[in-house]
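Peer 1: Below you'll find the structure I mean.
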Amino acid sequence: MISVVGIGPGNSSFLTREAIVALETADTIFGSKRQLQEVSNITTATKELLPKKLADLKTIQHKGKEVVILASGDPLLYGIGNWAMTHFPEEVRIIPGISSIQIMFHKIGLPMNDCFITSSHGKTPDFDFLLQHSKIAMVTDTLIGPYEIAQEILKRDLKKNIYIGENLSSAEERIHQLSPNKVAKKYEMNVVVIVDER
């Protein structure tokens with residue numbers, strides 16, 4: 001059985017009970033270096049780094065074994081869960097996790113019911129479409145992060161506020177509320193929330 005386990009934003013206190021049981025009973029766990037460190041005190045399973053090409057995961061010997069693939073946040077919110085369901089359709093179970101977007105909204109005290117959720121991982125968002133929304137949450141990457149988003153807002157002369165959550169749930173967590181012209185060029189791992197200025 002292959003389980004894709006959402007490990008939340010990083011702090012192990014956000015793991016669900018189902019995720020903990022899957023980690024405790026796993027034979028092998030695949031994840032990034034950071035993810036494997038985050039669960040190292042929970043499991044004695046063999047730990048392996050995710051291959052650089054996900055396609056290489058298709059060759060893992062999983063028959064009769066409990067294999068876990070770790071996903072930051074929630075596996076089906078811009079996560080590896082979508083890929084796993086396509087490539088192991090009959091053998092995968094998805095264990096949800098708390099997403100960094102959820103954590104961010106709770107940190108800044110905003111409801112997320114009317115939020116447009118997206119990601120800049122490996123793609124360039126359509127900012128003309130995106131910035132029409134009054135509330136947006138975006139998981140960012142190193143190419144399109146808070147600064148690049150702020151520049152797109154300034155280009156269009158829009159009145160928006162930006163919230164940036166760095167290293168959510170860790171000891172290095174920082175939350176910023178800024179106007180677009182105050183956004184710095186570099187932030188650590190982050191989620192961005194953009195709302196209309198009131």
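Each chain in the structure tokens gets a letter, A, B and so on, in the order shown; residues start at 1 in every chain, and ligands are counted from 1 in the order they appear.
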Need the shell around A:Gln177: protein/DNA/RNA residues with any atom at most 8 Å away, counting only C-alpha atoms. Skip same-chain ones fewer than 3 positions apart. Format as a short mmCIF file (atom, residue, chain, number, x, y, z; two decimals) with all heavy atoms, in the first residue's frame?
Peer 2:
data_model
loop_
_atom_site.label_atom_id
_atom_site.label_comp_id
_atom_site.auth_asym_id
_atom_site.auth_seq_id
_atom_site.Cartn_x
_atom_site.Cartn_y
_atom_site.Cartn_z
N ASN A 161 -3.43 45.01 -0.02
CA ASN A 161 -2.53 44.73 1.08
C ASN A 161 -2.00 43.32 0.91
O ASN A 161 -2.70 42.43 0.43
CB ASN A 161 -3.25 44.83 2.43
CG ASN A 161 -3.43 46.27 2.86
OD1 ASN A 161 -2.55 47.10 2.69
ND2 ASN A 161 -4.59 46.57 3.43
N ILE A 162 -0.76 43.11 1.33
CA ILE A 162 -0.12 41.81 1.20
C ILE A 162 0.26 41.30 2.59
O ILE A 162 0.89 42.02 3.37
CB ILE A 162 1.14 41.90 0.32
CG1 ILE A 162 0.76 42.34 -1.10
CG2 ILE A 162 1.87 40.56 0.28
CD1 ILE A 162 1.95 42.53 -2.02
N TYR A 163 -0.12 40.05 2.86
CA TYR A 163 0.32 39.36 4.06
C TYR A 163 1.30 38.27 3.62
O TYR A 163 1.01 37.52 2.69
CB TYR A 163 -0.85 38.69 4.78
CG TYR A 163 -1.89 39.64 5.33
CD1 TYR A 163 -2.95 40.07 4.54
CD2 TYR A 163 -1.82 40.09 6.65
CE1 TYR A 163 -3.91 40.93 5.05
CE2 TYR A 163 -2.78 40.95 7.17
CZ TYR A 163 -3.82 41.37 6.36
OH TYR A 163 -4.78 42.21 6.86
N ILE A 164 2.43 38.20 4.29
CA ILE A 164 3.44 37.19 3.96
C ILE A 164 3.71 36.37 5.22
O ILE A 164 4.05 36.93 6.27
CB ILE A 164 4.75 37.84 3.47
CG1 ILE A 164 4.48 38.74 2.27
CG2 ILE A 164 5.79 36.76 3.13
CD1 ILE A 164 5.57 39.77 2.01
#
Peer 1: Name the residues in contact with stretch 96-111 of chain A at a cut-off of 6 Å, using only C-alpha atoms, excluding same-chain residues fewer than 5 positions from it; report them as a JSON list (two decimals) with N, CA, C and O atoms, in the first residue's frame.
Peer 2:
[["chain", "number", "residue", "atom", "x", "y", "z"],
["A", 6, "GLY", "N", -0.04, 13.88, 4.28],
["A", 6, "GLY", "CA", 0.14, 15.31, 4.49],
["A", 6, "GLY", "C", 0.68, 15.56, 5.88],
["A", 6, "GLY", "O", 0.08, 15.15, 6.87],
["A", 7, "ILE", "N", 1.83, 16.23, 5.94],
["A", 7, "ILE", "CA", 2.45, 16.45, 7.25],
["A", 7, "ILE", "C", 2.25, 17.87, 7.75],
["A", 7, "ILE", "O", 2.88, 18.30, 8.71],
["A", 8, "GLY", "N", 1.35, 18.61, 7.10],
["A", 8, "GLY", "CA", 1.06, 19.95, 7.57],
["A", 8, "GLY", "C", 2.18, 20.93, 7.27],
["A", 8, "GLY", "O", 3.06, 20.67, 6.45],
["A", 9, "PRO", "N", 2.19, 22.06, 7.97],
["A", 9, "PRO", "CA", 3.15, 23.12, 7.65],
["A", 9, "PRO", "C", 4.56, 22.87, 8.17],
["A", 9, "PRO", "O", 5.46, 23.62, 7.87],
["A", 73, "GLY", "N", 2.11, 20.26, 3.87],
["A", 73, "GLY", "CA", 0.75, 20.77, 3.85],
["A", 73, "GLY", "C", -0.24, 19.66, 3.57],
["A", 73, "GLY", "O", -0.21, 18.60, 4.20],
["A", 74, "ASP", "N", -1.11, 19.87, 2.59],
["A", 74, "ASP", "CA", -2.10, 18.87, 2.21],
["A", 74, "ASP", "C", -1.72, 18.30, 0.83],
["A", 74, "ASP", "O", -1.43, 19.07, -0.09]]
Peer 1: Between atom CA of A:Asn41 and atom CA of A:Glu172, what is the distance in Å, rounded to a tenth?
Peer 2: 20.1 Å
Peer 1: Given the choices A:Leu70, A:Leu154, A:Leu23, A:Ala55, which gets closest to A:Trp83 if the distance is worked out from only C-alpha atoms?
Peer 2: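 For A:Trp83, the nearest of the candidates is A:Ala55.
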Peer 1: If we count only C-alpha atoms, what is near stretch 33-40 of chain A at a cut-off of 8 Å, once residues fewer than 4 positions away on the same chain are taken out, given as number ranges by chain?
Peer 2: A: 10-12, 23, 29, 44, 47, 49, 70-72
Peer 1: Please, could you write that set of residues out with all heavy atoms as an mmCIF file, in the first residue's frame?
Peer 2:
data_model
loop_
_atom_site.group_PDB
_atom_site.id
_atom_site.type_symbol
_atom_site.label_atom_id
_atom_site.label_comp_id
_atom_site.auth_asym_id
_atom_site.auth_seq_id
_atom_site.Cartn_x
_atom_site.Cartn_y
_atom_site.Cartn_z
ATOM 1 N N GLY A 10 4.766 21.845 8.977
ATOM 2 C CA GLY A 10 6.112 21.552 9.452
ATOM 3 C C GLY A 10 6.170 21.104 10.897
ATOM 4 O O GLY A 10 6.775 20.094 11.211
ATOM 5 N N ASN A 11 5.533 21.841 11.777
ATOM 6 C CA ASN A 11 5.539 21.480 13.194
ATOM 7 C C ASN A 11 4.748 20.196 13.396
ATOM 8 O O ASN A 11 3.605 20.084 12.965
ATOM 9 C CB ASN A 11 4.936 22.625 14.012
ATOM 10 C CG ASN A 11 5.108 22.439 15.500
ATOM 11 O OD1 ASN A 11 4.834 21.373 16.039
ATOM 12 N ND2 ASN A 11 5.548 23.489 16.157
ATOM 13 N N SER A 12 5.351 19.207 14.066
ATOM 14 C CA SER A 12 4.708 17.893 14.204
ATOM 15 C C SER A 12 3.413 17.946 15.017
ATOM 16 O O SER A 12 2.611 17.020 14.956
ATOM 17 C CB SER A 12 5.678 16.886 14.823
ATOM 18 O OG SER A 12 6.095 17.318 16.103
ATOM 19 N N LEU A 23 2.784 6.803 9.667
ATOM 20 C CA LEU A 23 4.235 6.941 9.816
ATOM 21 C C LEU A 23 4.792 5.852 10.734
ATOM 22 O O LEU A 23 5.859 5.292 10.472
ATOM 23 C CB LEU A 23 4.580 8.323 10.378
ATOM 24 C CG LEU A 23 4.288 9.507 9.446
ATOM 25 C CD1 LEU A 23 4.418 10.821 10.198
ATOM 26 C CD2 LEU A 23 5.217 9.483 8.240
ATOM 27 N N ILE A 29 9.752 5.317 3.957
ATOM 28 C CA ILE A 29 9.186 6.659 3.819
ATOM 29 C C ILE A 29 10.048 7.449 2.839
ATOM 30 O O ILE A 29 11.271 7.510 2.983
ATOM 31 C CB ILE A 29 9.134 7.387 5.173
ATOM 32 C CG1 ILE A 29 8.214 6.632 6.135
ATOM 33 C CG2 ILE A 29 8.654 8.826 4.996
ATOM 34 C CD1 ILE A 29 8.152 7.227 7.522
ATOM 35 N N THR A 44 10.505 4.692 12.826
ATOM 36 C CA THR A 44 11.788 3.994 12.668
ATOM 37 C C THR A 44 11.917 3.398 11.259
ATOM 38 O O THR A 44 12.823 2.616 10.989
ATOM 39 C CB THR A 44 11.922 2.865 13.707
ATOM 40 O OG1 THR A 44 10.818 1.967 13.565
ATOM 41 C CG2 THR A 44 11.959 3.425 15.121
ATOM 42 N N LYS A 47 14.201 5.512 5.612
ATOM 43 C CA LYS A 47 13.907 6.820 5.010
ATOM 44 C C LYS A 47 14.722 7.008 3.746
ATOM 45 O O LYS A 47 15.926 6.749 3.742
ATOM 46 C CB LYS A 47 14.203 7.938 6.011
ATOM 47 C CG LYS A 47 13.307 7.866 7.240
ATOM 48 C CD LYS A 47 13.777 8.792 8.340
ATOM 49 C CE LYS A 47 13.030 8.517 9.613
ATOM 50 N NZ LYS A 47 13.387 7.220 10.227
ATOM 51 N N LEU A 49 15.315 9.676 0.235
ATOM 52 C CA LEU A 49 15.027 10.956 -0.401
ATOM 53 C C LEU A 49 14.168 10.732 -1.643
ATOM 54 O O LEU A 49 14.373 9.766 -2.381
ATOM 55 C CB LEU A 49 16.318 11.659 -0.806
ATOM 56 C CG LEU A 49 17.139 12.265 0.333
ATOM 57 C CD1 LEU A 49 18.469 12.785 -0.206
ATOM 58 C CD2 LEU A 49 16.377 13.388 1.030
ATOM 59 N N LEU A 70 5.786 11.496 1.650
ATOM 60 C CA LEU A 70 5.443 12.679 2.437
ATOM 61 C C LEU A 70 5.070 13.846 1.541
ATOM 62 O O LEU A 70 5.657 14.053 0.474
ATOM 63 C CB LEU A 70 6.625 13.078 3.327
ATOM 64 C CG LEU A 70 7.088 12.042 4.353
ATOM 65 C CD1 LEU A 70 8.294 12.564 5.111
ATOM 66 C CD2 LEU A 70 5.958 11.674 5.306
ATOM 67 N N ALA A 71 4.092 14.615 2.003
ATOM 68 C CA ALA A 71 3.663 15.826 1.305
ATOM 69 C C ALA A 71 3.594 16.954 2.316
ATOM 70 O O ALA A 71 2.988 16.804 3.378
ATOM 71 C CB ALA A 71 2.285 15.615 0.670
ATOM 72 N N SER A 72 4.219 18.070 1.998
ATOM 73 C CA SER A 72 4.073 19.243 2.855
ATOM 74 C C SER A 72 2.641 19.746 2.757
ATOM 75 O O SER A 72 2.010 19.653 1.702
ATOM 76 C CB SER A 72 5.037 20.350 2.431
ATOM 77 O OG SER A 72 6.361 19.923 2.623
#
Peer 1: Write out as a PyMOL selection string the set of residues from stretch 2-181 of chain A that DSSP, computed on the backbone, places in strand (DSSP E or B).
Peer 2: chain A and resi 2-6+8+28-31+46-49+67-71+73+92-95+116-119+135-139+160-166+174-178
Peer 1: Would you save the residues from that selection as a short mmCIF file (atom, residue, chain, number, x, y, z; two decimals), in the first residue's frame, using N, CA and C atoms?
Peer 2:
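Result written to again_3.cif:
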data_model
loop_
_atom_site.label_atom_id
_atom_site.label_comp_id
_atom_site.auth_asym_id
_atom_site.auth_seq_id
_atom_site.Cartn_x
_atom_site.Cartn_y
_atom_site.Cartn_z
N ILE A 2 0.52 2.21 -0.82
CA ILE A 2 1.21 3.49 -0.84
C ILE A 2 0.29 4.53 -0.22
N SER A 3 0.79 5.22 0.78
CA SER A 3 0.05 6.30 1.43
C SER A 3 0.77 7.62 1.19
N VAL A 4 0.04 8.60 0.71
CA VAL A 4 0.60 9.95 0.60
C VAL A 4 0.11 10.70 1.83
N VAL A 5 1.06 11.07 2.67
CA VAL A 5 0.72 11.61 3.99
C VAL A 5 1.01 13.11 4.05
N GLY A 6 -0.04 13.88 4.28
CA GLY A 6 0.14 15.31 4.49
C GLY A 6 0.68 15.56 5.88
N GLY A 8 1.35 18.61 7.10
CA GLY A 8 1.06 19.95 7.57
C GLY A 8 2.18 20.93 7.27
N THR A 28 8.84 1.95 4.57
CA THR A 28 9.72 2.90 3.90
C THR A 28 9.00 4.23 3.75
N ILE A 29 9.75 5.32 3.96
CA ILE A 29 9.19 6.66 3.82
C ILE A 29 10.05 7.45 2.84
N PHE A 30 9.39 8.05 1.84
CA PHE A 30 10.05 8.92 0.88
C PHE A 30 9.69 10.37 1.18
N GLY A 31 10.67 11.25 1.11
CA GLY A 31 10.40 12.67 1.31
C GLY A 31 11.64 13.49 1.03
N THR A 46 12.58 2.88 7.23
CA THR A 46 13.68 3.26 6.33
C THR A 46 13.29 4.56 5.64
N LYS A 47 14.20 5.51 5.61
CA LYS A 47 13.91 6.82 5.01
C LYS A 47 14.72 7.01 3.75
N GLU A 48 14.06 7.44 2.68
CA GLU A 48 14.73 7.65 1.40
C GLU A 48 14.34 9.00 0.84
N LEU A 49 15.31 9.68 0.23
CA LEU A 49 15.03 10.96 -0.40
C LEU A 49 14.17 10.73 -1.64
N VAL A 67 4.35 1.76 2.23
CA VAL A 67 5.21 2.83 1.73
C VAL A 67 4.50 4.17 1.93
N VAL A 68 5.23 5.13 2.47
CA VAL A 68 4.68 6.47 2.68
C VAL A 68 5.46 7.46 1.82
N ILE A 69 4.72 8.32 1.13
CA ILE A 69 5.32 9.46 0.43
C ILE A 69 4.85 10.70 1.18
N LEU A 70 5.79 11.50 1.65
CA LEU A 70 5.44 12.68 2.44
C LEU A 70 5.07 13.85 1.54
N ALA A 71 4.09 14.62 2.00
CA ALA A 71 3.66 15.83 1.31
C ALA A 71 3.59 16.95 2.32
N GLY A 73 2.11 20.26 3.87
CA GLY A 73 0.75 20.77 3.85
C GLY A 73 -0.24 19.66 3.57
N VAL A 92 -3.24 3.76 -3.92
CA VAL A 92 -2.90 4.94 -3.12
C VAL A 92 -4.03 5.34 -2.20
N ARG A 93 -3.65 5.67 -0.98
CA ARG A 93 -4.59 6.36 -0.10
C ARG A 93 -3.97 7.70 0.24
N ILE A 94 -4.80 8.70 0.31
CA ILE A 94 -4.35 10.06 0.62
C ILE A 94 -4.76 10.39 2.05
N ILE A 95 -3.81 10.80 2.85
CA ILE A 95 -4.10 11.21 4.23
C ILE A 95 -3.94 12.72 4.28
N PHE A 116 -9.58 32.97 -3.47
CA PHE A 116 -9.10 32.27 -4.66
C PHE A 116 -7.72 31.72 -4.32
N ILE A 117 -7.54 30.41 -4.44
CA ILE A 117 -6.30 29.75 -4.04
C ILE A 117 -5.53 29.32 -5.29
N THR A 118 -4.22 29.63 -5.27
CA THR A 118 -3.38 29.25 -6.41
C THR A 118 -1.94 29.05 -5.96
N SER A 119 -1.08 28.78 -6.91
CA SER A 119 0.33 28.54 -6.63
C SER A 119 1.16 29.10 -7.78
N LYS A 135 -9.67 38.55 -2.69
CA LYS A 135 -8.88 37.82 -1.69
C LYS A 135 -8.22 36.63 -2.37
N ILE A 136 -6.90 36.59 -2.30
CA ILE A 136 -6.12 35.56 -3.00
C ILE A 136 -5.11 34.96 -2.03
N ALA A 137 -4.93 33.65 -2.10
CA ALA A 137 -3.85 32.99 -1.35
C ALA A 137 -2.97 32.27 -2.35
N MET A 138 -1.66 32.41 -2.19
CA MET A 138 -0.74 31.81 -3.14
C MET A 138 0.43 31.17 -2.41
N VAL A 139 0.67 29.89 -2.74
CA VAL A 139 1.90 29.24 -2.33
C VAL A 139 2.95 29.65 -3.36
N LYS A 160 -4.04 47.17 -2.84
CA LYS A 160 -4.05 45.86 -2.20
C LYS A 160 -3.13 45.87 -0.98
N ASN A 161 -3.43 45.01 -0.02
CA ASN A 161 -2.53 44.73 1.08
C ASN A 161 -2.00 43.32 0.91
N ILE A 162 -0.76 43.11 1.33
CA ILE A 162 -0.12 41.81 1.20
C ILE A 162 0.26 41.30 2.59
N TYR A 163 -0.12 40.05 2.86
CA TYR A 163 0.32 39.36 4.06
C TYR A 163 1.30 38.27 3.62
N ILE A 164 2.43 38.20 4.29
CA ILE A 164 3.44 37.19 3.96
C ILE A 164 3.71 36.37 5.22
N GLY A 165 3.54 35.06 5.11
CA GLY A 165 3.83 34.16 6.23
C GLY A 165 5.06 33.34 5.91
N GLU A 166 6.16 33.61 6.63
CA GLU A 166 7.41 32.88 6.42
C GLU A 166 7.55 31.76 7.44
N ARG A 174 7.52 34.14 10.79
CA ARG A 174 7.33 35.59 10.77
C ARG A 174 6.12 35.91 9.90
N ILE A 175 5.28 36.81 10.37
CA ILE A 175 4.11 37.26 9.60
C ILE A 175 4.28 38.74 9.32
N HIS A 176 4.12 39.12 8.06
CA HIS A 176 4.26 40.53 7.65
C HIS A 176 2.95 41.00 7.03
N GLN A 177 2.54 42.21 7.33
CA GLN A 177 1.44 42.86 6.64
C GLN A 177 2.00 44.13 6.01
N LEU A 178 1.96 44.20 4.67
CA LEU A 178 2.66 45.27 3.97
C LEU A 178 1.83 45.82 2.81
#
Peer 1: Could you check which of A:Thr43, A:Asn181, A:Asn113, A:Thr25 is closest to A:Lys155, using only C-alpha atoms?
Peer 2: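 The shortest atom-to-atom distance to A:Lys155 comes from A:Asn181.
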